[in-house]
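Participant: Provided herewith: input.txt, compact mmCIF, C-alpha atoms.
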```txt
# COMPACT_ATOMS: atom_id res chain seq x y z
CA MET A 1380 138.93 30.07 -43.54
CA ARG A 1381 140.21 29.19 -40.07
CA LYS A 1382 136.74 29.67 -38.75
CA LEU A 1383 135.28 27.27 -41.32
CA PHE A 1384 137.56 24.42 -40.25
CA HIS A 1385 136.74 24.92 -36.62
CA ASN A 1386 133.03 25.12 -37.11
CA GLU A 1387 131.60 22.07 -35.38
CA GLU A 1388 127.98 22.90 -35.82
CA ALA A 1389 125.77 20.26 -37.41
CA GLN A 1390 128.17 17.42 -36.54
CA ALA A 1391 125.42 15.70 -34.62
CA PHE A 1392 123.22 15.89 -37.71
CA THR A 1393 125.97 14.31 -39.81
CA LEU A 1394 126.57 11.52 -37.32
CA GLU A 1395 122.89 10.77 -37.02
CA GLY A 1396 122.48 10.92 -40.78
CA ILE A 1397 125.26 8.36 -41.23
CA THR A 1398 123.73 6.13 -38.54
CA ALA A 1399 120.33 6.32 -40.25
CA ALA A 1400 121.84 5.57 -43.65
CA LEU A 1401 123.72 2.57 -42.24
CA LEU A 1402 120.53 1.27 -40.63
CA LEU A 1403 118.63 1.49 -43.91
CA LEU A 1404 121.52 -0.10 -45.78
CA ILE A 1405 121.62 -3.07 -43.40
CA VAL A 1406 117.87 -3.65 -43.66
CA THR A 1407 117.90 -3.37 -47.47
CA TYR A 1408 120.78 -5.85 -47.60
CA ALA A 1409 118.80 -8.19 -45.34
CA LEU A 1410 115.81 -7.86 -47.69
CA PHE A 1411 117.81 -8.98 -50.73
CA GLU A 1412 119.52 -11.76 -48.81
CA SER A 1413 116.24 -13.15 -47.49
CA SER A 1414 114.72 -13.23 -50.98
CA VAL A 1415 117.15 -15.97 -51.95
CA VAL A 1416 115.37 -19.22 -51.19
CA VAL A 1417 117.90 -21.80 -50.22
CA SER A 1418 116.24 -25.14 -50.83
CA PRO A 1419 117.72 -28.51 -51.67
CA ILE A 1420 118.30 -28.80 -55.39
CA TRP A 1421 115.91 -31.29 -56.86
CA SER A 1422 117.70 -32.85 -59.78
CA GLU A 1423 114.52 -33.82 -61.61
CA TYR A 1424 112.95 -30.37 -61.38
CA GLY A 1425 114.16 -29.30 -64.79
CA ASN A 1426 113.11 -32.50 -66.52
CA ILE A 1427 109.68 -32.92 -64.99
CA GLN A 1428 108.01 -32.65 -68.38
CA LEU A 1429 110.19 -35.40 -69.79
CA LYS A 1430 109.34 -37.58 -66.79
CA GLN A 1431 105.62 -37.04 -67.29
CA LYS A 1432 106.03 -37.84 -70.97
CA GLY A 1433 107.73 -41.11 -70.03
CA TYR A 1434 104.90 -42.09 -67.66
CA ASP A 1435 102.34 -41.26 -70.35
CA VAL A 1436 104.16 -43.40 -72.93
CA LEU A 1437 104.27 -46.39 -70.56
CA ARG A 1438 100.61 -45.86 -69.68
CA SER A 1439 99.66 -45.78 -73.37
CA LEU A 1440 101.60 -48.94 -74.09
CA ASP A 1441 99.99 -50.79 -71.16
CA VAL A 1442 97.11 -52.35 -73.08
CA HIS A 1443 95.33 -54.52 -70.62
CA ARG A 1444 93.65 -57.78 -71.60
CA THR A 1445 89.97 -57.14 -71.12
CA SER A 1446 89.24 -60.83 -71.32
CA LEU A 1447 91.75 -63.48 -70.40
CA ASN A 1448 91.08 -66.85 -71.93
CA GLN A 1449 93.10 -69.12 -69.65
CA SER A 1450 92.59 -72.14 -71.90
CA ALA A 1451 93.98 -70.34 -74.96
CA CYS A 1452 96.81 -68.71 -73.03
CA PRO A 1453 99.25 -67.31 -74.08
CA ASP A 1454 96.58 -65.63 -76.13
CA LEU A 1455 98.91 -63.61 -78.36
CA SER A 1456 96.30 -63.10 -81.06
CA ASN A 1457 94.14 -61.23 -78.56
CA LEU A 1458 97.03 -59.08 -77.38
CA SER A 1459 98.00 -55.86 -79.12
CA ARG A 1460 101.46 -56.24 -80.60
CA ASN A 1461 102.22 -52.62 -79.61
CA SER A 1462 101.68 -53.36 -75.95
CA LEU A 1463 104.13 -53.81 -73.10
CA GLN A 1464 102.41 -57.12 -72.35
CA TYR A 1465 103.08 -58.52 -75.83
CA MET A 1466 106.65 -57.26 -75.78
CA LEU A 1467 107.30 -59.04 -72.47
CA VAL A 1468 105.54 -62.27 -73.47
CA GLN A 1469 107.48 -62.60 -76.74
CA LEU A 1470 110.92 -62.10 -75.11
CA ASN A 1471 113.33 -64.93 -75.78
CA SER A 1472 115.95 -65.65 -73.13
CA SER A 1473 118.64 -66.48 -75.72
CA ASP A 1474 118.41 -63.00 -77.29
CA PRO A 1475 115.93 -60.77 -75.44
CA GLN A 1476 114.81 -58.07 -77.88
CA PRO A 1477 111.63 -55.98 -77.94
CA ASN A 1478 109.43 -56.69 -80.97
CA SER A 1479 109.50 -54.18 -83.83
CA GLU A 1480 105.82 -53.15 -83.46
CA PHE A 1481 106.43 -52.18 -79.85
CA LEU A 1482 109.58 -50.24 -80.73
CA ASN A 1483 107.78 -48.41 -83.54
CA ALA A 1484 104.92 -47.45 -81.25
CA MET A 1485 107.31 -46.26 -78.55
CA ASN A 1486 109.50 -44.30 -80.97
CA ALA A 1487 106.43 -42.67 -82.52
CA MET A 1488 105.50 -41.27 -79.13
CA LEU A 1489 108.95 -40.04 -78.19
CA ASP A 1490 110.67 -37.21 -79.98
CA PRO A 1491 113.88 -38.23 -81.86
CA SER A 1492 115.81 -35.85 -79.59
CA ILE A 1493 114.98 -38.08 -76.62
CA LYS A 1494 117.28 -41.03 -76.03
CA LYS A 1495 116.18 -43.98 -73.94
CA ARG A 1496 117.27 -47.02 -72.04
CA LEU A 1497 114.80 -49.82 -71.36
CA GLU A 1498 115.17 -52.30 -68.53
CA VAL A 1499 112.95 -54.90 -66.91
CA TYR A 1500 113.06 -55.99 -63.27
CA TRP A 1501 111.34 -58.91 -61.65
CA VAL A 1502 111.52 -61.02 -58.49
CA ASN A 1503 112.89 -64.52 -58.82
CA GLN A 1504 110.90 -66.34 -56.17
CA THR A 1505 112.59 -69.66 -56.77
CA ASN A 1506 115.97 -68.07 -56.03
CA ASN A 1507 115.51 -66.53 -52.58
CA ASN A 1508 113.43 -63.57 -53.84
CA THR A 1509 116.34 -61.95 -55.63
CA ILE A 1510 115.58 -59.13 -58.02
CA GLN A 1511 116.69 -59.91 -61.54
CA SER A 1512 117.03 -57.49 -64.39
CA LEU A 1513 117.44 -57.42 -68.11
CA VAL A 1514 118.49 -54.55 -70.36
CA LEU A 1515 116.40 -54.40 -73.53
CA ILE A 1516 117.62 -51.13 -75.02
CA ASN A 1517 121.17 -50.47 -73.96
CA ASN A 1518 122.17 -46.81 -74.08
CA THR A 1519 124.27 -45.09 -71.44
CA PRO A 1520 122.27 -42.34 -69.76
CA ILE A 1521 123.66 -38.91 -68.94
CA PRO A 1522 123.48 -37.60 -65.33
CA ASP A 1523 120.41 -35.47 -66.16
CA ALA A 1524 118.36 -38.48 -67.23
CA VAL A 1525 115.01 -39.24 -65.61
CA GLY A 1526 113.61 -42.66 -64.83
CA VAL A 1527 110.03 -43.86 -65.01
CA GLY A 1528 108.57 -47.28 -64.32
CA ARG A 1529 105.42 -49.30 -64.66
CA ILE A 1530 104.52 -52.67 -63.24
CA ILE A 1531 102.97 -55.17 -65.65
CA VAL A 1532 101.42 -58.45 -64.54
CA LEU A 1533 102.16 -61.58 -66.56
CA TYR A 1534 100.06 -64.69 -66.01
CA PRO A 1535 101.64 -68.15 -65.55
CA CYS A 1536 100.53 -69.43 -68.94
CA GLU A 1537 102.16 -66.41 -70.62
CA ILE A 1538 105.59 -67.32 -69.30
CA THR A 1539 106.76 -69.82 -71.90
CA SER A 1540 109.79 -72.05 -71.60
CA GLN A 1541 111.81 -69.67 -73.85
CA SER A 1542 110.94 -66.68 -71.68
CA PRO A 1543 113.65 -65.09 -69.50
CA PHE A 1544 111.05 -65.08 -66.70
CA ASN A 1545 110.66 -68.86 -66.91
CA GLY A 1546 111.32 -70.49 -63.54
CA SER A 1547 110.99 -67.24 -61.55
CA VAL A 1548 107.57 -68.13 -60.21
CA ASN A 1549 105.80 -71.38 -59.47
CA ASP A 1550 102.57 -71.29 -61.40
CA THR A 1551 101.57 -67.85 -60.22
CA ALA A 1552 101.41 -64.37 -61.73
CA LEU A 1553 104.63 -62.42 -62.14
CA ALA A 1554 105.02 -58.70 -61.57
CA VAL A 1555 107.48 -57.24 -64.07
CA GLU A 1556 108.64 -53.67 -63.73
CA VAL A 1557 109.43 -51.99 -67.03
CA ARG A 1558 111.79 -49.12 -66.34
CA MET A 1559 112.52 -46.50 -68.94
CA ILE A 1560 115.32 -43.97 -68.55
CA LEU A 1561 114.99 -40.89 -70.73
CA TRP A 1562 117.22 -37.96 -71.52
CA TYR A 1563 117.60 -35.25 -74.12
CA VAL A 1564 120.50 -35.27 -76.53
CA MET B 1264 137.10 25.92 -21.57
CA LYS B 1265 135.13 27.39 -24.39
CA ASN B 1266 135.83 24.30 -26.47
CA ILE B 1267 134.53 21.94 -23.80
CA ASN B 1268 131.33 23.91 -23.53
CA ARG B 1269 130.90 23.73 -27.30
CA LYS B 1270 131.27 19.91 -27.34
CA ASP B 1271 128.78 19.61 -24.54
CA GLU B 1272 126.40 21.65 -26.56
CA ILE B 1273 126.81 19.39 -29.61
CA LEU B 1274 126.28 16.23 -27.58
CA LYS B 1275 123.18 17.61 -25.97
CA ASP B 1276 121.78 18.68 -29.30
CA GLU B 1277 118.72 16.48 -29.80
CA ARG B 1278 117.42 17.97 -33.04
CA GLY B 1279 118.96 15.32 -35.35
CA GLN B 1280 117.46 12.35 -33.49
CA VAL B 1281 114.32 12.57 -35.53
CA LEU B 1282 116.42 11.27 -38.46
CA ILE B 1283 117.20 8.04 -36.58
CA LEU B 1284 113.61 7.75 -35.48
CA PHE B 1285 112.29 7.95 -39.03
CA SER B 1286 114.96 5.61 -40.35
CA LEU B 1287 113.93 3.11 -37.67
CA ILE B 1288 110.32 3.30 -38.81
CA VAL B 1289 111.31 2.84 -42.47
CA ALA B 1290 113.69 -0.01 -41.53
CA THR B 1291 110.94 -1.82 -39.61
CA LEU B 1292 108.62 -1.44 -42.59
CA ILE B 1293 111.19 -2.84 -45.02
CA ALA B 1294 112.04 -5.70 -42.65
CA SER B 1295 108.40 -6.76 -42.30
CA LEU B 1296 107.89 -6.56 -46.07
CA SER B 1297 110.99 -8.69 -46.61
CA ILE B 1298 109.63 -11.39 -44.27
CA LEU B 1299 106.35 -11.43 -46.19
CA HIS B 1300 108.21 -11.60 -49.49
CA ALA B 1301 110.44 -14.48 -48.38
CA GLN B 1302 107.49 -16.41 -46.96
CA ASN B 1303 105.60 -16.13 -50.24
CA LEU B 1304 108.61 -17.35 -52.20
CA ILE B 1305 109.15 -20.35 -49.93
CA ALA B 1306 105.46 -21.28 -49.99
CA GLY B 1307 105.40 -21.10 -53.80
CA VAL B 1308 108.53 -23.18 -54.30
CA GLU B 1309 107.56 -25.81 -51.72
CA SER B 1310 103.96 -26.26 -52.83
CA SER B 1311 104.89 -26.67 -56.50
CA ARG B 1312 107.61 -29.14 -55.53
CA ALA B 1313 105.20 -31.15 -53.38
CA PHE B 1314 102.70 -31.20 -56.23
CA LEU B 1315 105.29 -32.39 -58.75
CA SER B 1316 106.82 -35.04 -56.53
CA PHE B 1317 103.51 -36.73 -55.74
CA PRO B 1318 103.68 -40.17 -57.37
CA LYS B 1319 100.33 -40.07 -59.13
CA ASP B 1320 101.40 -42.38 -61.94
CA GLU B 1321 102.70 -45.08 -59.58
CA VAL B 1322 99.52 -44.89 -57.50
CA ARG B 1323 97.35 -45.15 -60.62
CA ASN B 1324 99.41 -48.12 -61.81
CA LEU B 1325 98.82 -49.90 -58.49
CA LYS B 1326 95.09 -49.13 -58.54
CA TYR B 1327 94.95 -50.43 -62.09
CA ILE B 1328 96.58 -53.72 -61.03
CA VAL B 1329 94.18 -54.13 -58.08
CA LYS B 1330 91.18 -53.45 -60.26
CA LEU B 1331 92.09 -55.36 -63.40
CA ASP B 1332 94.58 -58.07 -62.49
CA PHE B 1333 93.36 -59.18 -59.08
CA GLY B 1334 90.10 -60.24 -60.73
CA HIS B 1335 91.98 -62.98 -62.61
CA LEU B 1336 93.74 -64.29 -59.51
CA ASP B 1337 92.78 -66.29 -56.43
CA SER B 1338 93.66 -64.96 -52.97
CA ASP B 1339 96.98 -66.87 -52.71
CA ALA B 1340 98.15 -65.65 -56.09
CA GLU B 1341 97.06 -62.16 -55.08
CA GLU B 1342 99.19 -62.28 -51.91
CA ASN B 1343 102.08 -63.59 -53.92
CA LEU B 1344 101.78 -60.76 -56.45
CA ILE B 1345 101.59 -58.15 -53.67
CA ASP B 1346 104.83 -59.55 -52.18
CA GLN B 1347 106.56 -59.22 -55.55
CA ILE B 1348 105.34 -55.64 -55.98
CA LYS B 1349 106.50 -54.81 -52.44
CA LEU B 1350 109.97 -56.11 -53.21
CA LEU B 1351 110.21 -54.24 -56.51
CA TYR B 1352 109.27 -50.98 -54.79
CA ALA B 1353 111.47 -51.67 -51.75
CA ALA B 1354 114.45 -51.84 -54.12
CA LYS B 1355 113.67 -48.22 -55.04
CA GLY B 1356 113.33 -47.11 -51.39
CA THR B 1357 109.54 -47.00 -51.34
CA TYR B 1358 107.21 -48.95 -49.12
CA VAL B 1359 104.10 -50.14 -50.93
CA ASP B 1360 101.38 -52.38 -49.58
CA VAL B 1361 97.99 -53.52 -50.81
CA GLU B 1362 96.09 -55.08 -47.97
CA ARG B 1363 92.84 -56.92 -48.43
CA VAL B 1364 90.39 -55.46 -45.92
CA SER B 1365 87.29 -57.35 -47.04
CA SER B 1366 86.22 -59.34 -50.09
CA SER B 1367 85.98 -56.28 -52.31
CA LYS B 1368 87.90 -53.68 -50.36
CA TYR B 1369 91.64 -53.02 -50.34
CA LYS B 1370 93.88 -50.59 -48.53
CA LEU B 1371 96.65 -49.14 -50.62
CA VAL B 1372 99.67 -47.62 -48.88
CA TYR B 1373 102.48 -45.77 -50.64
CA SER B 1374 105.24 -44.31 -48.51
CA ASN B 1375 108.70 -42.93 -49.15
CA THR B 1376 110.85 -40.11 -47.81
CA GLU B 1377 108.70 -37.48 -49.53
CA VAL B 1378 105.17 -38.82 -49.62
CA TYR B 1379 102.85 -40.86 -47.45
CA PHE B 1380 99.68 -41.85 -49.24
CA SER B 1381 96.98 -44.28 -48.26
CA GLU B 1382 93.59 -44.97 -49.74
CA TYR B 1383 90.81 -47.50 -49.36
CA LEU B 1384 89.84 -49.00 -52.69
CA SER B 1385 86.54 -50.70 -53.26
CA VAL B 1386 86.53 -52.92 -56.33
CA GLN B 1387 82.80 -52.35 -56.78
CA ASP B 1388 83.06 -48.58 -56.63
CA GLU B 1389 83.50 -47.58 -60.27
CA GLU B 1390 84.02 -43.89 -59.68
CA ILE B 1391 87.51 -44.14 -58.31
CA TRP B 1392 88.81 -46.07 -61.28
CA LEU B 1393 90.04 -45.03 -64.63
CA PRO B 1394 88.17 -46.39 -67.69
CA GLU B 1395 86.91 -49.87 -66.88
CA THR B 1396 88.17 -51.52 -70.04
CA GLY B 1397 91.69 -50.43 -69.23
CA GLY B 1398 92.02 -47.87 -72.00
CA GLY B 1399 95.22 -47.38 -73.91
CA GLY B 1400 93.66 -48.50 -77.19
CA GLY B 1401 94.14 -51.90 -78.81
```
Write the structure described by the file as structure tokens, please.

Facilitator:
Amino acid sequence: MRKLFHNEEAQAFTLEGITAALLLLIVTYALFESSVVVSPIWSEYGNIQLKQKGYDVLRSLDVHRTSLNQSACPDLSNLSRNSLQYMLVQLNSSDPQPNSEFLNAMNAMLDPSIKKRLEVYWVNQTNNNTIQSLVLINNTPIPDAVGVGRIIVLYPCEITSQSPFNGSVNDTALAVEVRMILWYV
Amino acid sequence: MKNINRKDEILKDERGQVLILFSLIVATLIASLSILHAQNLIAGVESSRAFLSFPKDEVRNLKYIVKLDFGHLDSDAEENLIDQIKLLYAAKGTYVDVERVSSSKYKLVYSNTEVYFSEYLSVQDEEIWLPETGGGGG
């Protein structure tokens, strides 16, 4: 028994074995640590499909006038009532509301589980180029919401005296940005 | 005295060093594999992110305006419209410019913190445009 406790043979093996094990452990730990990609969190990553859906809806509702009859302008009969253009032309500054045909078309394309907020932005050139905005569908978005936008061009004759855009430009075309904020409920 | 000799013997024993040598080889192998693995992960994440963040819909919208709306406008009205578009995009932190290079050629620039994109657009060149009638039904 006494001899067993004083036997120092193979101690070098043990030490070297421990060193080797430690070395492998450190490298394996480094492997797992390096596999974790630390990249800035992109808030819209998870909702990229919803964002694409929003762009597609705006694109579908942008029904361009293939022929513009300046003398018959605003040519509402030649403009699809589902379109963004019609919705913007018919806006009344006293109570700006999207027309029902436009809302129906938009709602048909978006799932009921998707909530939305609709805003329009434009530059008021007669007031020092300030950006003005109007909220057409007023819902409060959640932090995960995504925003999409599309610029629509309105011609001078389409901006009537009742229009909220009236007076923003002097007889020239107006760029109106329709911004839609979408989120799941 | 006998004890000292024994310790000397242990310290001089070189038979176990092969263990360290092999573990070093294995460790180097694992380390190089881990670098390869991490590089692949980073490349995959970054390339998909770059692909998703490219503003293809905004660029198409601008091309659409140049193609379809500029035709209804004279050069002054065109300049005026470009200024408005610039301001609307500037409010979102993006620099956008459509510069008239020649009578039927424009240079489109789209630049923000993530993307720099520029393209020459020729109004006569039909191939770069989406459906001529504007599409979208109606």

Participant: With all atoms listed in the file as the counted atoms, please give the residues lying no more than 9 Å from Asn1503 (chain A), apart from itself and same-chain residues fewer than 6 positions off, as a list in words.

Facilitator: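 The contact residues come out as Thr1509, Ile1510, Gln1511, Phe1544, Gly1546, Ser1547 and Val1548 of chain A; Gln1347 of chain B.
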
Participant: Would you write out those residues with C-alpha atoms, as a tab-separated table (two decimals), in the frame of the given file?

Facilitator:
```tsv
chain	number	residue	atom	x	y	z
A	1509	THR	CA	116.34	-61.95	-55.63
A	1510	ILE	CA	115.58	-59.13	-58.02
A	1511	GLN	CA	116.69	-59.91	-61.54
A	1544	PHE	CA	111.05	-65.08	-66.70
A	1546	GLY	CA	111.32	-70.49	-63.54
A	1547	SER	CA	110.99	-67.24	-61.55
A	1548	VAL	CA	107.57	-68.13	-60.21
B	1347	GLN	CA	106.56	-59.22	-55.55
```

Participant: To one decimal place, how far is CA of Tyr1563 (chain A) from CA of Pro1318 (chain B) in Å?

Facilitator: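 If I compute the distance from CA of Tyr1563 (chain A) to CA of Pro1318 (chain B), I get 22.3 Å.
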
Participant: Just give me the gap between CA of Glu1377 (chain B) and CA of Ala1306 (chain B) in Å, one decimal is fine.

Facilitator: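 CA of Ala1306 (chain B) lies 16.5 Å from CA of Glu1377 (chain B).
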
Participant: Find the spatial neighbours of Asn1486 (chain A), counting all atoms listed in the file, within a cut-off of 12 Å - ignore same-chain residues fewer than 6 positions away - and output them as a VMD selection string.

Facilitator: chain A and resid 1433 1436 to 1437 1440 1461 1479 to 1480 1492 to 1495

Participant: Here is a test: counting all atoms listed in the file, which residue of A:Glu1498, A:Asp1523, A:Asp1474, A:Asp1435 is nearest to chain B?

Facilitator: A:Asp1435

Participant: Any idea what the distance is between CA of Val1525 (chain A) and CA of Arg1438 (chain A)?

Facilitator: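 Interatomic distance, CA of Val1525 (chain A) to CA of Arg1438 (chain A): 16.4 Å.
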
Participant: Name the closest residue to Glu1321 (chain B) among the candidates B:Phe1380, B:Tyr1369, B:Phe1333, B:Phe1285; distances are taken between atoms, counting all atoms listed in the file.

Facilitator: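 Using all atoms listed in the file, Glu1321 (chain B) sits closest to B:Phe1380.
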
Participant: Please rebuild region 1311-1325 of chain B with N, CA, C and O atoms and return the result as an mmCIF file, keeping the file's coordinate frame.

Facilitator:
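What ended up in out-v5.cif:
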```
data_model
loop_
_atom_site.group_PDB
_atom_site.id
_atom_site.type_symbol
_atom_site.label_atom_id
_atom_site.label_comp_id
_atom_site.auth_asym_id
_atom_site.auth_seq_id
_atom_site.Cartn_x
_atom_site.Cartn_y
_atom_site.Cartn_z
ATOM 1 N N SER B 1311 104.780 -26.132 -55.141
ATOM 2 C CA SER B 1311 104.890 -26.670 -56.500
ATOM 3 C C SER B 1311 105.741 -27.935 -56.491
ATOM 4 O O SER B 1311 105.473 -28.885 -57.212
ATOM 5 N N ARG B 1312 106.748 -27.967 -55.630
ATOM 6 C CA ARG B 1312 107.610 -29.140 -55.530
ATOM 7 C C ARG B 1312 106.825 -30.334 -54.997
ATOM 8 O O ARG B 1312 106.935 -31.452 -55.503
ATOM 9 N N ALA B 1313 106.007 -30.077 -53.970
ATOM 10 C CA ALA B 1313 105.200 -31.150 -53.380
ATOM 11 C C ALA B 1313 104.220 -31.697 -54.420
ATOM 12 O O ALA B 1313 104.011 -32.898 -54.524
ATOM 13 N N PHE B 1314 103.658 -30.792 -55.208
ATOM 14 C CA PHE B 1314 102.700 -31.200 -56.230
ATOM 15 C C PHE B 1314 103.381 -32.076 -57.287
ATOM 16 O O PHE B 1314 102.855 -33.104 -57.707
ATOM 17 N N LEU B 1315 104.601 -31.656 -57.689
ATOM 18 C CA LEU B 1315 105.290 -32.390 -58.750
ATOM 19 C C LEU B 1315 105.852 -33.727 -58.272
ATOM 20 O O LEU B 1315 105.970 -34.664 -59.042
ATOM 21 N N SER B 1316 106.200 -33.795 -56.990
ATOM 22 C CA SER B 1316 106.820 -35.040 -56.530
ATOM 23 C C SER B 1316 105.789 -36.078 -56.101
ATOM 24 O O SER B 1316 106.154 -37.196 -55.777
ATOM 25 N N PHE B 1317 104.517 -35.746 -56.118
ATOM 26 C CA PHE B 1317 103.510 -36.730 -55.740
ATOM 27 C C PHE B 1317 103.447 -37.834 -56.811
ATOM 28 O O PHE B 1317 103.307 -37.545 -57.999
ATOM 29 N N PRO B 1318 103.559 -39.090 -56.378
ATOM 30 C CA PRO B 1318 103.680 -40.170 -57.370
ATOM 31 C C PRO B 1318 102.340 -40.612 -57.941
ATOM 32 O O PRO B 1318 101.912 -41.754 -57.755
ATOM 33 N N LYS B 1319 101.681 -39.739 -58.661
ATOM 34 C CA LYS B 1319 100.330 -40.070 -59.130
ATOM 35 C C LYS B 1319 100.320 -41.228 -60.130
ATOM 36 O O LYS B 1319 99.403 -42.046 -60.127
ATOM 37 N N ASP B 1320 101.379 -41.318 -60.944
ATOM 38 C CA ASP B 1320 101.400 -42.380 -61.940
ATOM 39 C C ASP B 1320 101.620 -43.760 -61.315
ATOM 40 O O ASP B 1320 101.011 -44.733 -61.734
ATOM 41 N N GLU B 1321 102.474 -43.813 -60.277
ATOM 42 C CA GLU B 1321 102.700 -45.080 -59.580
ATOM 43 C C GLU B 1321 101.420 -45.523 -58.870
ATOM 44 O O GLU B 1321 101.056 -46.692 -58.907
ATOM 45 N N VAL B 1322 100.745 -44.567 -58.230
ATOM 46 C CA VAL B 1322 99.520 -44.890 -57.500
ATOM 47 C C VAL B 1322 98.444 -45.381 -58.470
ATOM 48 O O VAL B 1322 97.768 -46.374 -58.214
ATOM 49 N N ARG B 1323 98.331 -44.730 -59.615
ATOM 50 C CA ARG B 1323 97.350 -45.150 -60.620
ATOM 51 C C ARG B 1323 97.682 -46.548 -61.142
ATOM 52 O O ARG B 1323 96.800 -47.363 -61.366
ATOM 53 N N ASN B 1324 98.976 -46.807 -61.345
ATOM 54 C CA ASN B 1324 99.410 -48.120 -61.810
ATOM 55 C C ASN B 1324 98.994 -49.209 -60.808
ATOM 56 O O ASN B 1324 98.473 -50.259 -61.196
ATOM 57 N N LEU B 1325 99.176 -48.927 -59.520
ATOM 58 C CA LEU B 1325 98.820 -49.900 -58.490
ATOM 59 C C LEU B 1325 97.303 -50.112 -58.436
ATOM 60 O O LEU B 1325 96.820 -51.246 -58.320
#
```
